[in-house]
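Peer 1: This is my_file.cif (mmCIF, C-alpha atoms).
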```
data_upload
#
loop_
_atom_site.label_atom_id
_atom_site.label_comp_id
_atom_site.auth_asym_id
_atom_site.auth_seq_id
_atom_site.Cartn_x
_atom_site.Cartn_y
_atom_site.Cartn_z
CA MET A 1 53.13 47.48 -60.75
CA LYS A 2 50.29 48.48 -58.43
CA ALA A 3 47.07 49.84 -59.89
CA GLU A 4 46.23 53.46 -59.16
CA ARG A 5 44.18 53.65 -55.95
CA ASN A 6 41.08 55.84 -56.10
CA TYR A 7 39.36 54.54 -52.97
CA PRO A 8 38.96 56.37 -49.66
CA ARG A 9 41.70 55.40 -47.22
CA TYR A 10 41.20 54.22 -43.66
CA THR A 11 44.22 54.16 -41.37
CA VAL A 12 44.10 51.49 -38.66
CA THR A 13 45.86 50.67 -35.41
CA ALA A 14 48.81 48.33 -35.06
CA LYS A 15 46.46 45.79 -33.46
CA ALA A 16 44.17 45.83 -36.50
CA GLU A 17 47.16 45.56 -38.81
CA ALA A 18 48.42 42.50 -36.95
CA ALA A 19 45.00 40.84 -37.20
CA ILE A 20 44.83 41.52 -40.94
CA LEU A 21 48.32 40.12 -41.48
CA ARG A 22 47.23 36.98 -39.60
CA GLY A 23 44.39 36.64 -42.10
CA HIS A 24 41.41 38.15 -40.30
CA PRO A 25 39.22 40.28 -42.60
CA TRP A 26 37.49 42.55 -40.07
CA VAL A 27 38.36 46.08 -38.97
CA TYR A 28 36.39 47.38 -35.98
CA ASP A 29 35.27 50.99 -35.64
CA ALA A 30 37.54 51.58 -32.64
CA GLU A 31 40.56 50.45 -34.66
CA ILE A 32 40.29 53.24 -37.24
CA THR A 33 42.55 56.20 -36.42
CA ALA A 34 42.07 58.37 -39.52
CA THR A 35 40.09 58.58 -42.76
CA GLU A 36 40.83 60.22 -46.07
CA GLY A 37 38.32 60.74 -48.87
CA GLN A 38 34.55 60.50 -49.09
CA ALA A 39 33.27 56.95 -48.56
CA GLU A 40 29.78 55.57 -49.21
CA ASN A 41 28.03 53.14 -46.89
CA GLY A 42 28.58 49.72 -48.45
CA GLY A 43 31.24 51.09 -50.77
CA LEU A 44 34.86 49.99 -51.05
CA VAL A 45 37.66 51.56 -49.03
CA ASP A 46 41.39 50.89 -48.78
CA VAL A 47 42.82 49.99 -45.39
CA ILE A 48 46.35 51.17 -44.63
CA ASN A 49 48.68 51.21 -41.64
CA LYS A 50 50.05 54.33 -40.00
CA LYS A 51 52.99 54.38 -42.44
CA GLY A 52 50.65 54.27 -45.43
CA ARG A 53 51.27 50.62 -46.28
CA TYR A 54 48.36 49.01 -48.14
CA LEU A 55 46.70 46.22 -46.11
CA GLY A 56 43.58 45.45 -48.10
CA THR A 57 40.31 46.65 -49.60
CA GLY A 58 36.89 46.06 -48.12
CA PHE A 59 33.29 47.13 -47.76
CA LEU A 60 32.49 49.97 -45.40
CA SER A 61 29.60 49.57 -42.99
CA GLU A 62 28.84 52.87 -41.28
CA GLN A 63 26.45 51.43 -38.68
CA SER A 64 28.26 48.24 -37.67
CA LYS A 65 31.01 47.85 -35.10
CA ILE A 66 32.69 45.79 -37.81
CA ARG A 67 33.38 48.92 -39.82
CA VAL A 68 35.29 47.37 -42.76
CA ARG A 69 35.12 43.82 -44.09
CA LEU A 70 38.02 43.00 -46.39
CA VAL A 71 37.44 41.27 -49.71
CA SER A 72 40.99 41.51 -51.10
CA ARG A 73 44.58 42.03 -50.03
CA ASN A 74 45.82 42.45 -53.59
CA ALA A 75 46.44 46.10 -54.55
CA ASN A 76 46.11 45.16 -58.24
CA ASP A 77 42.56 43.83 -58.02
CA GLN A 78 39.89 45.61 -60.04
CA PHE A 79 36.50 45.20 -58.39
CA ASP A 80 34.40 44.87 -61.52
CA ALA A 81 31.82 42.23 -62.47
CA ALA A 82 34.57 39.95 -63.81
CA PHE A 83 36.29 40.02 -60.41
CA TRP A 84 33.16 38.87 -58.61
CA ARG A 85 32.32 36.21 -61.21
CA ARG A 86 35.84 34.85 -60.81
CA LYS A 87 35.43 34.63 -57.03
CA LEU A 88 32.11 32.83 -57.42
CA GLN A 89 33.77 30.38 -59.79
CA TRP A 90 36.54 29.70 -57.27
CA ALA A 91 34.01 29.01 -54.50
CA TRP A 92 32.04 26.61 -56.68
CA GLU A 93 35.16 24.85 -58.00
CA TYR A 94 36.26 24.30 -54.40
CA ARG A 95 32.99 22.47 -53.61
CA LYS A 96 33.29 20.36 -56.74
CA ARG A 97 36.84 19.44 -55.74
CA VAL A 98 36.20 18.43 -52.13
CA MET A 99 32.73 16.87 -52.44
CA SER A 100 31.45 13.94 -54.47
CA PRO A 101 28.97 14.77 -57.28
CA GLU A 102 25.98 13.39 -55.35
CA ASP A 103 26.82 15.60 -52.35
CA LEU A 104 26.45 18.71 -54.52
CA ASP A 105 22.67 18.21 -54.60
CA ALA A 106 22.51 20.04 -51.27
CA CYS A 107 25.55 22.01 -50.19
CA ARG A 108 26.79 25.42 -49.07
CA ILE A 109 28.26 27.33 -52.00
CA ILE A 110 29.28 30.52 -50.18
CA PHE A 111 30.34 30.50 -46.53
CA GLY A 112 30.88 34.18 -45.84
CA GLU A 113 34.37 35.15 -44.79
CA ALA A 114 35.75 31.67 -45.49
CA ASP A 115 35.09 32.33 -49.18
CA ALA A 116 35.99 36.04 -49.00
CA PHE A 117 32.34 37.06 -49.38
CA PRO A 118 31.88 38.69 -45.95
CA GLY A 119 28.34 38.49 -44.67
CA LEU A 120 27.06 36.31 -47.53
CA THR A 121 25.67 32.79 -47.21
CA VAL A 122 24.41 30.78 -50.19
CA ASP A 123 23.00 27.28 -49.78
CA LYS A 124 21.98 25.09 -52.71
CA PHE A 125 18.98 22.86 -52.13
CA HIS A 126 18.61 20.82 -55.32
CA ASP A 127 17.10 23.36 -57.74
CA LEU A 128 16.76 26.31 -55.33
CA LEU A 129 19.30 28.71 -53.85
CA SER A 130 18.73 30.14 -50.38
CA VAL A 131 20.64 33.37 -49.73
CA GLN A 132 21.33 35.44 -46.62
CA MET A 133 23.03 38.81 -46.91
CA LEU A 134 24.27 40.11 -43.57
CA SER A 135 26.47 42.97 -44.76
CA VAL A 136 25.55 46.17 -46.57
CA GLY A 137 28.44 45.69 -49.00
CA MET A 138 27.14 42.34 -50.23
CA GLU A 139 23.65 43.79 -50.53
CA ARG A 140 24.96 46.54 -52.80
CA ILE A 141 26.40 44.05 -55.31
CA GLN A 142 23.67 41.39 -55.19
CA ASP A 143 22.61 42.25 -58.75
CA ILE A 144 26.10 41.30 -59.89
CA LEU A 145 26.45 38.20 -57.74
CA LEU A 146 23.13 36.39 -57.89
CA PRO A 147 22.44 36.29 -61.65
CA ALA A 148 26.10 35.34 -62.20
CA LEU A 149 25.84 32.49 -59.70
CA ALA A 150 22.66 31.13 -61.28
CA GLU A 151 24.33 31.30 -64.70
CA LEU A 152 27.44 29.54 -63.39
CA LEU A 153 25.48 26.64 -61.88
CA ARG A 154 23.20 26.23 -64.88
CA ALA A 155 26.21 26.10 -67.19
CA ASP A 156 27.47 23.21 -65.05
CA GLY A 157 24.24 21.27 -65.54
CA PHE A 158 22.38 22.26 -62.37
CA PRO A 159 18.85 23.51 -63.19
CA ILE A 160 18.41 26.39 -60.73
CA ARG A 161 14.70 27.17 -60.48
CA GLY A 162 14.97 30.28 -58.33
CA ILE A 163 16.78 32.21 -55.61
CA LEU A 164 15.09 32.98 -52.31
CA LEU A 165 16.41 35.80 -50.14
CA ARG A 166 16.27 34.70 -46.47
CA ASN A 167 17.04 38.11 -45.05
CA ASP A 168 14.77 37.60 -42.03
CA VAL A 169 17.76 37.85 -39.68
CA ALA A 170 18.14 40.27 -36.76
CA LEU A 171 21.87 40.69 -37.52
CA ARG A 172 20.93 42.76 -40.56
CA GLU A 173 19.78 45.54 -38.24
CA LYS A 174 23.38 46.03 -37.08
CA GLU A 175 24.17 46.90 -40.69
CA GLY A 176 21.19 49.23 -40.98
CA LEU A 177 19.43 46.77 -43.28
CA PRO A 178 15.74 45.81 -43.13
CA GLN A 179 14.60 42.27 -42.48
CA GLY A 180 12.52 40.37 -44.99
CA LYS A 181 12.34 37.42 -47.32
CA GLY A 182 11.19 36.77 -50.84
CA TRP A 183 12.24 35.72 -54.31
CA TYR A 184 15.15 37.48 -55.95
CA PRO A 185 13.98 38.66 -59.40
CA LEU A 186 16.30 36.94 -61.87
CA PRO A 187 16.24 39.03 -65.07
CA GLY A 188 13.54 37.92 -67.48
CA GLU A 189 12.30 35.10 -65.23
CA ALA A 190 9.11 34.63 -63.27
CA ALA A 191 9.34 33.76 -59.59
CA PRO A 192 8.90 30.03 -58.81
CA ASP A 193 5.46 29.01 -57.61
CA SER A 194 6.86 26.96 -54.71
CA ALA A 195 9.70 27.37 -52.21
CA VAL A 196 9.64 23.67 -51.38
CA THR A 197 12.06 21.22 -52.96
CA GLU A 198 13.32 17.70 -52.31
CA ILE A 199 16.98 17.04 -51.54
CA THR A 200 18.91 13.83 -51.10
CA GLU A 201 21.71 13.69 -48.53
CA ASN A 202 23.55 10.47 -47.68
CA GLY A 203 20.80 8.61 -49.51
CA VAL A 204 18.10 10.13 -47.28
CA LYS A 205 15.36 12.24 -48.89
CA TYR A 206 14.03 15.41 -47.27
CA LEU A 207 11.50 18.03 -48.21
CA VAL A 208 13.08 21.44 -47.64
CA ASP A 209 11.06 24.65 -47.36
CA VAL A 210 13.63 27.34 -48.11
CA GLU A 211 11.16 30.11 -47.23
CA ASN A 212 10.02 28.89 -43.82
CA GLY A 213 12.64 26.40 -42.64
CA GLN A 214 15.16 27.34 -39.94
CA LYS A 215 18.13 29.47 -41.02
CA THR A 216 18.35 28.95 -44.80
CA GLY A 217 15.99 25.96 -44.80
CA PHE A 218 18.04 22.98 -43.61
CA PHE A 219 21.26 22.44 -41.62
CA LEU A 220 23.88 21.23 -44.10
CA ASP A 221 26.94 21.42 -41.85
CA GLN A 222 26.35 18.02 -40.21
CA LYS A 223 26.18 16.10 -43.52
CA TYR A 224 29.22 13.89 -42.94
CA ASN A 225 28.67 13.65 -39.18
CA ARG A 226 25.24 12.19 -39.91
CA ARG A 227 26.92 9.72 -42.26
CA ALA A 228 29.38 8.76 -39.49
CA VAL A 229 26.45 8.07 -37.16
CA GLY A 230 24.76 5.90 -39.77
CA ARG A 231 27.95 3.91 -40.26
CA ILE A 232 28.05 2.68 -36.63
CA ALA A 233 24.32 2.47 -35.86
CA ARG A 234 23.68 -1.07 -37.12
CA GLY A 235 21.85 -3.16 -34.52
CA ARG A 236 21.65 -0.29 -32.02
CA THR A 237 18.65 1.10 -30.19
CA VAL A 238 19.02 4.82 -30.72
CA LEU A 239 17.76 7.93 -28.93
CA ASP A 240 18.15 11.05 -31.10
CA CYS A 241 17.73 14.18 -28.97
CA PHE A 242 16.90 17.59 -30.48
CA THR A 243 16.06 15.79 -33.72
CA HIS A 244 14.60 18.80 -35.61
CA THR A 245 13.98 17.38 -39.12
CA GLY A 246 14.97 13.88 -37.98
CA SER A 247 18.22 13.87 -39.93
CA PHE A 248 20.44 12.00 -37.45
CA ALA A 249 17.61 9.59 -36.65
CA LEU A 250 17.04 8.82 -40.33
CA ASN A 251 20.75 8.27 -40.99
CA ALA A 252 20.86 5.88 -38.04
CA ALA A 253 17.80 4.01 -39.33
CA MET A 254 19.22 3.84 -42.85
CA GLY A 255 22.42 2.48 -41.30
CA GLY A 256 20.56 -0.49 -39.86
CA ALA A 257 19.65 0.61 -36.33
CA LYS A 258 17.32 -1.80 -34.55
CA HIS A 259 15.04 1.08 -33.62
CA VAL A 260 15.28 4.87 -33.32
CA THR A 261 13.38 7.28 -31.08
CA ALA A 262 13.59 10.86 -32.34
CA VAL A 263 12.79 13.59 -29.79
CA ASP A 264 12.22 17.33 -30.11
CA VAL A 265 10.39 19.87 -27.97
CA SER A 266 8.72 21.37 -31.06
CA GLU A 267 5.53 19.67 -32.25
CA SER A 268 6.08 21.02 -35.77
CA ALA A 269 9.62 19.62 -35.83
CA VAL A 270 8.33 16.23 -34.74
CA GLU A 271 5.73 16.30 -37.51
CA MET A 272 8.47 17.16 -39.99
CA ALA A 273 10.66 14.31 -38.75
CA ARG A 274 7.71 11.93 -38.96
CA ALA A 275 6.99 13.01 -42.55
CA ASN A 276 10.65 12.55 -43.49
CA ALA A 277 10.63 9.06 -41.98
CA ALA A 278 7.58 8.19 -44.09
CA ARG A 279 9.20 9.68 -47.21
CA ASN A 280 12.10 7.26 -46.76
CA GLY A 281 10.00 4.21 -45.87
CA LEU A 282 11.27 4.24 -42.29
CA THR A 283 8.03 4.70 -40.34
CA GLY A 284 8.39 1.30 -38.69
CA ALA A 285 11.97 1.95 -37.65
CA VAL A 286 11.60 5.50 -36.28
CA ASP A 287 9.31 6.83 -33.54
CA CYS A 288 9.01 10.62 -33.35
CA VAL A 289 8.15 12.07 -29.93
CA ALA A 290 7.53 15.62 -28.70
CA ALA A 291 9.30 16.08 -25.36
CA ASN A 292 11.70 18.39 -23.55
CA VAL A 293 15.07 16.63 -23.56
CA PHE A 294 16.05 18.23 -20.23
CA ASP A 295 13.02 16.53 -18.65
CA LEU A 296 13.18 13.30 -20.64
CA LEU A 297 16.75 12.27 -19.85
CA PRO A 298 16.37 12.36 -16.02
CA ALA A 299 13.06 10.51 -16.33
CA LEU A 300 14.70 7.73 -18.35
CA GLU A 301 17.19 7.12 -15.53
CA LYS A 302 14.33 5.59 -13.50
CA GLU A 303 13.76 2.93 -16.19
CA PRO A 304 15.90 -0.02 -17.31
CA LYS A 305 18.55 1.01 -19.84
CA ARG A 306 16.67 1.12 -23.15
CA TYR A 307 19.16 2.82 -25.44
CA ASP A 308 22.70 1.88 -26.41
CA PHE A 309 23.29 4.84 -28.74
CA ILE A 310 22.37 8.41 -27.76
CA ILE A 311 22.73 11.41 -30.09
CA LEU A 312 22.85 14.96 -28.70
CA ASP A 313 22.53 17.66 -31.38
CA PRO A 314 21.20 20.67 -29.46
CA PRO A 315 20.72 24.16 -30.86
CA ALA A 316 23.36 26.72 -29.98
CA PHE A 317 23.04 27.32 -26.23
CA THR A 318 24.99 30.57 -26.54
CA LYS A 319 25.44 33.23 -29.19
CA SER A 320 27.64 35.54 -27.14
CA ARG A 321 30.59 35.39 -24.76
CA ARG A 322 28.42 36.69 -21.92
CA THR A 323 26.33 33.52 -21.73
CA VAL A 324 29.05 30.89 -22.30
CA ALA A 325 29.07 29.71 -18.66
CA ASN A 326 25.31 29.04 -18.71
CA ALA A 327 25.67 27.26 -22.05
CA ILE A 328 28.43 24.99 -20.79
CA SER A 329 26.22 24.14 -17.81
CA GLY A 330 23.42 23.15 -20.21
CA TYR A 331 25.76 21.05 -22.34
CA LYS A 332 27.08 19.31 -19.24
CA GLU A 333 23.59 18.50 -17.98
CA ILE A 334 22.50 16.66 -21.13
CA ASN A 335 25.86 14.91 -21.64
CA TYR A 336 26.03 13.81 -18.01
CA ARG A 337 22.50 12.40 -18.23
CA ALA A 338 23.23 10.61 -21.52
CA MET A 339 26.40 9.05 -20.11
CA LYS A 340 24.45 7.82 -17.09
CA LEU A 341 21.82 6.24 -19.34
CA LEU A 342 24.21 4.35 -21.59
CA PRO A 343 25.32 0.79 -20.80
CA ARG A 344 28.98 -0.22 -20.95
CA GLY A 345 29.84 -0.37 -24.65
CA GLY A 346 27.13 2.13 -25.50
CA LEU A 347 27.72 4.91 -28.02
CA LEU A 348 27.41 8.67 -27.64
CA ALA A 349 27.36 11.28 -30.40
CA THR A 350 27.55 14.80 -29.01
CA CYS A 351 28.13 18.21 -30.50
CA SER A 352 27.96 21.98 -30.15
CA CYS A 353 27.32 24.42 -32.97
CA SER A 354 28.22 27.51 -30.95
CA HIS A 355 31.43 29.31 -31.89
CA PHE A 356 31.64 30.76 -28.38
CA ALA A 357 31.59 27.32 -26.74
CA THR A 358 35.13 26.70 -27.93
CA GLU A 359 36.67 23.29 -28.56
CA GLU A 360 38.68 23.61 -25.35
CA LYS A 361 35.62 24.53 -23.25
CA PHE A 362 33.50 21.81 -24.83
CA ALA A 363 36.16 19.12 -24.31
CA ALA A 364 36.66 20.21 -20.68
CA MET A 365 32.90 19.95 -20.17
CA LEU A 366 32.89 16.39 -21.55
CA HIS A 367 35.73 15.37 -19.22
CA SER A 368 33.80 16.81 -16.27
CA ALA A 369 30.52 15.13 -17.27
CA ALA A 370 32.22 11.75 -17.68
CA ARG A 371 33.92 12.07 -14.31
CA ASP A 372 30.65 12.95 -12.58
CA ALA A 373 28.80 10.14 -14.39
CA GLY A 374 31.48 7.64 -13.32
CA VAL A 375 32.29 6.53 -16.87
CA GLN A 376 35.28 6.60 -19.17
CA LEU A 377 34.98 7.66 -22.79
CA ARG A 378 36.78 5.99 -25.65
CA GLN A 379 36.91 8.41 -28.56
CA ILE A 380 35.88 6.96 -31.90
CA GLU A 381 36.10 10.20 -33.87
CA ALA A 382 36.40 13.95 -33.38
CA ARG A 383 34.84 15.80 -36.27
CA GLN A 384 33.89 19.32 -37.35
CA GLN A 385 31.57 20.92 -39.90
CA ALA A 386 31.38 19.60 -43.45
CA CYS A 387 34.00 20.77 -45.93
CA ASP A 388 31.52 23.02 -47.78
CA HIS A 389 31.67 25.12 -44.58
CA PRO A 390 35.46 25.53 -44.71
CA ILE A 391 37.44 26.69 -41.70
CA LEU A 392 39.68 29.59 -42.65
CA TRP A 393 42.72 29.66 -40.40
CA GLY A 394 43.15 33.08 -38.87
CA VAL A 395 39.36 33.60 -38.82
CA GLU A 396 38.22 31.82 -35.67
CA GLU A 397 34.55 32.61 -36.34
CA THR A 398 34.56 30.09 -39.21
CA ASN A 399 35.46 27.29 -36.78
CA TYR A 400 32.29 26.61 -34.81
CA LEU A 401 31.08 22.99 -34.92
CA LYS A 402 32.44 20.41 -32.49
CA PHE A 403 31.31 16.80 -32.95
CA TYR A 404 32.46 13.72 -31.05
CA LEU A 405 31.66 10.02 -31.28
CA PHE A 406 32.44 8.04 -28.12
CA GLN A 407 32.05 4.58 -26.72
CA VAL A 408 31.36 4.32 -23.00
CA VAL A 409 33.86 1.89 -21.45
#
```
Can the structure in the file be given as structure tokens, please?

Peer 2:
Amino acid sequence: MKAERNYPRYTVTAKAEAAILRGHPWVYDAEITATEGQAENGGLVDVINKKGRYLGTGFLSEQSKIRVRLVSRNANDQFDAAFWRRKLQWAWEYRKRVMSPEDLDACRIIFGEADAFPGLTVDKFHDLLSVQMLSVGMERIQDILLPALAELLRADGFPIRGILLRNDVALREKEGLPQGKGWYPLPGEAAPDSAVTEITENGVKYLVDVENGQKTGFFLDQKYNRRAVGRIARGRTVLDCFTHTGSFALNAAMGGAKHVTAVDVSESAVEMARANAARNGLTGAVDCVAANVFDLLPALEKEPKRYDFIILDPPAFTKSRRTVANAISGYKEINYRAMKLLPRGGLLATCSCSHFATEEKFAAMLHSAARDAGVQLRQIEARQQACDHPILWGVEETNYLKFYLFQVV
């Protein structure tokens, strides 16, 4: 028997209904045809079709084009504290199921829509949680979610020292939310005196600054791709482009690479990579260089082939559909140059973290680059983001990372 519904009702188009039935949790403002009842910004509303059929319940965002973000399709759900604690438990149990215990030291606990927490990201970095809230609905219930999550992890033996809000994201403005960052005040606890912690991933140690690092502090989605690189790097001379914190370079070095050159345009990133190499006793195996990869790769073509393993892990070249063509051009340039530099039998790791540069577009670009470089690629592996960033079928936005390992033949 369905529970009595006391929420405002939003009637949606047939197109929106079809998307919801396919599993997508978003309703756009233009898809709403009628409203009934007084709704609060960030409050819960029921979504129905034109015949009054219940489709789901979600958070209203009055300022965003994504007007409703669904959190449930069960008309019997009661959205009390117990409901949210149960959902947090499910998300954490999923990570414990699909990851080994040592991989839980640094992992993503909440991946937004993929965990039915729309607009919420929670990353665990050893004893600190880094949180981004990109929807007004999640912001409204943070005092339910965050203490409960800390309690849940502590009960499982993970000593959470503090929770840092990394809400310094421009996307919040689309929800009418201010930007900022700072410690979340856990009840009865003082704020930690440091936002820096040490994590271990694939046996490599990193210092992570959750307050000032990129995104939430460190990119966790490439965890197993870095491990795959380390597995085949033995004896290779490696060029790691767009190294950032040096993570691919360090995995290659730990895997037995003959030597690794780590390159990034940012001086501060290079310093960070150099410090991470020292932390792991790899200073002799890893050189860290500040250079623009788009300039470096053509320059290396004038020299004898020095590298037999090249890693391309660029930042997202596009964050919208409007700039996809330019992004694909950029991806092709660096992949073409890398393919030209590699000897026969050389290895290439290449990836894109942009959702808009789809798998089909990225693969077509690689075919074109190989053809123009006069090489053939033998695929070793095609990979995606780590399983703590789960891909929810029906929600294409959760499927964003493309990663390939090739041998040039």

Peer 1: Translate the PyMOL selection byres ((chain A and resi 173) around 12), as applied to the file shown, into an explicit residue set as a list in words.

Peer 2: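 Going through the file, the PyMOL selection byres ((chain A and resi 173) around 12) ends up selecting Ser61, Gln63, Ser64, Lys65, Met133, Leu134, Ser135, Val136, Asn167, Asp168, Val169, Ala170, Leu171, Arg172, Lys174, Glu175, Gly176, Leu177, Pro178, Gln179 and Gly180 of chain A.
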
Peer 1: Give me a file of those residues, with C-alpha atoms, as a PDB file, keeping the file's coordinate frame.

Peer 2:
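Wrote it out as selection-v1.pdb, contents follow:
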```pdb
ATOM      1  CA  SER A  61      29.600  49.570 -42.990  1.00  0.00           C
ATOM      2  CA  GLN A  63      26.450  51.430 -38.680  1.00  0.00           C
ATOM      3  CA  SER A  64      28.260  48.240 -37.670  1.00  0.00           C
ATOM      4  CA  LYS A  65      31.010  47.850 -35.100  1.00  0.00           C
ATOM      5  CA  MET A 133      23.030  38.810 -46.910  1.00  0.00           C
ATOM      6  CA  LEU A 134      24.270  40.110 -43.570  1.00  0.00           C
ATOM      7  CA  SER A 135      26.470  42.970 -44.760  1.00  0.00           C
ATOM      8  CA  VAL A 136      25.550  46.170 -46.570  1.00  0.00           C
ATOM      9  CA  ASN A 167      17.040  38.110 -45.050  1.00  0.00           C
ATOM     10  CA  ASP A 168      14.770  37.600 -42.030  1.00  0.00           C
ATOM     11  CA  VAL A 169      17.760  37.850 -39.680  1.00  0.00           C
ATOM     12  CA  ALA A 170      18.140  40.270 -36.760  1.00  0.00           C
ATOM     13  CA  LEU A 171      21.870  40.690 -37.520  1.00  0.00           C
ATOM     14  CA  ARG A 172      20.930  42.760 -40.560  1.00  0.00           C
ATOM     15  CA  LYS A 174      23.380  46.030 -37.080  1.00  0.00           C
ATOM     16  CA  GLU A 175      24.170  46.900 -40.690  1.00  0.00           C
ATOM     17  CA  GLY A 176      21.190  49.230 -40.980  1.00  0.00           C
ATOM     18  CA  LEU A 177      19.430  46.770 -43.280  1.00  0.00           C
ATOM     19  CA  PRO A 178      15.740  45.810 -43.130  1.00  0.00           C
ATOM     20  CA  GLN A 179      14.600  42.270 -42.480  1.00  0.00           C
ATOM     21  CA  GLY A 180      12.520  40.370 -44.990  1.00  0.00           C
TER      22      GLY A 180
END
```

Peer 1: Contacts of stretch 395-405 of chain A at 8 Å or less, counting all atoms listed in the file, minus same-chain residues fewer than 4 places along, as a PyMOL selection string?

Peer 2: chain A and resi 23-25+113-114+225+347-356+358-359+362+379-385+389-391

Peer 1: When distances are computed from all atoms listed in the file, which of A:Met365, A:Gln214, A:Ala252, A:Asp295 shows the smallest separation from A:Asn326?

Peer 2: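 Distance minimum relative to A:Asn326 lands on A:Met365.
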
Peer 1: If we count only C-alpha atoms and set the cut-off at 12 Å, which residues sit around A:Trp84, ignoring sequence neighbours fewer than 3 positions away in its own chain? Please answer as a list in words.

Peer 2: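 The contact residues come out as Val71, Ser72, Asp77, Gln78, Phe79, Asp80, Ala81, Lys87, Leu88, Gln89, Trp90, Ala91, Asp115, Ala116, Phe117, Met138, Ile141, Gln142, Asp143, Ile144, Leu145, Leu146, Pro147, Ala148, Leu149 and Leu152 of chain A.
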
Peer 1: Where does stretch 69-166 of chain A meet stretch 183-196 of chain A within 10 Å, residue by residue, with the nearest atom pair and distance in Å to one decimal for each, counting only C-alpha atoms, listed by chain and rising number, as CSV?

Peer 2:
```
residue,atom,partner,partner_atom,distance
A:Phe125,CA,A:Val196,CA,9.4
A:Asp127,CA,A:Val196,CA,9.8
A:Leu128,CA,A:Ala195,CA,7.8
A:Leu129,CA,A:Ala195,CA,9.8
A:Ser130,CA,A:Trp183,CA,9.4
A:Val131,CA,A:Tyr184,CA,9.3
A:Gln142,CA,A:Tyr184,CA,9.4
A:Asp143,CA,A:Leu186,CA,8.8
A:Leu146,CA,A:Leu186,CA,7.9
A:Pro147,CA,A:Leu186,CA,6.2
A:Ala148,CA,A:Leu186,CA,9.9
A:Ala150,CA,A:Leu186,CA,8.6
A:Arg161,CA,A:Pro192,CA,6.7
A:Gly162,CA,A:Pro192,CA,6.1
A:Ile163,CA,A:Tyr184,CA,5.5
A:Leu164,CA,A:Trp183,CA,4.4
A:Leu165,CA,A:Trp183,CA,5.9
A:Arg166,CA,A:Trp183,CA,8.9
```

Peer 1: Between A:Leu239, A:Asn251, A:Val293, A:Ala275, which has the minimum distance to A:Ile310 (counting all atoms listed in the file)?

Peer 2: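 Ranking A:Leu239, A:Asn251, A:Val293, A:Ala275 by distance to A:Ile310, first place goes to A:Leu239.
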
Peer 1: Hey, can you pull every residue with an atom no more than 8 Å from (25.3, 50.4, -52.5), using only C-alpha atoms, and send it as a short mmCIF file (atom, residue, chain, number, x, y, z; two decimals) with C-alpha atoms, keeping the file's coordinate frame?

Peer 2:
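So the final result, stored in out29.cif, reads:
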```cif
data_model
loop_
_atom_site.label_atom_id
_atom_site.label_comp_id
_atom_site.auth_asym_id
_atom_site.auth_seq_id
_atom_site.Cartn_x
_atom_site.Cartn_y
_atom_site.Cartn_z
CA GLU A 40 29.78 55.57 -49.21
CA ASN A 41 28.03 53.14 -46.89
CA GLY A 42 28.58 49.72 -48.45
CA GLY A 43 31.24 51.09 -50.77
CA VAL A 136 25.55 46.17 -46.57
CA GLY A 137 28.44 45.69 -49.00
CA GLU A 139 23.65 43.79 -50.53
CA ARG A 140 24.96 46.54 -52.80
CA ILE A 141 26.40 44.05 -55.31
#
```

Peer 1: For each of A:Val229, A:Ile311, A:Ala277, A:Leu153, take the minimum atom-to-atom distance to A:Val204, counting all atoms listed in the file, then give the residue where this is smallest.

Peer 2: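 Under the stated criterion, the closest residue is A:Ala277.
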
Peer 1: Kindly provide the residues of stretch 312-349 of chain A that approach stretch 240-244 of chain A to within 6 Å, each paired with its closest atom pair and their distance in Å to one decimal, based on all atoms listed in the file, listed by chain and increasing number, as a Markdown table.

Peer 2:
```
| residue | atom | partner | partner_atom | distance |
| --- | --- | --- | --- | --- |
| A:Leu312 | CA | A:Cys241 | CA | 5.2 |
| A:Asp313 | CA | A:Phe242 | CA | 5.7 |
| A:Pro314 | CA | A:Phe242 | CA | 5.4 |
```

Peer 1: What is the distance between atom CA of A:Asp221 and atom CA of A:Arg154, in Å to one decimal?

Peer 2: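 Answer for the atom CA of A:Asp221 to atom CA of A:Arg154 separation: 23.8 Å.
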
Peer 1: Quick one, how far is atom CA of A:Asn74 from atom CA of A:Tyr10?

Peer 2: 16.1 Å

Peer 1: Name the residues that the PyMOL selection byres ((chain A and resi 17) around 12) picks from the file above, as a count of residues only, using the file's chain letters and numbers.

Peer 2: 31
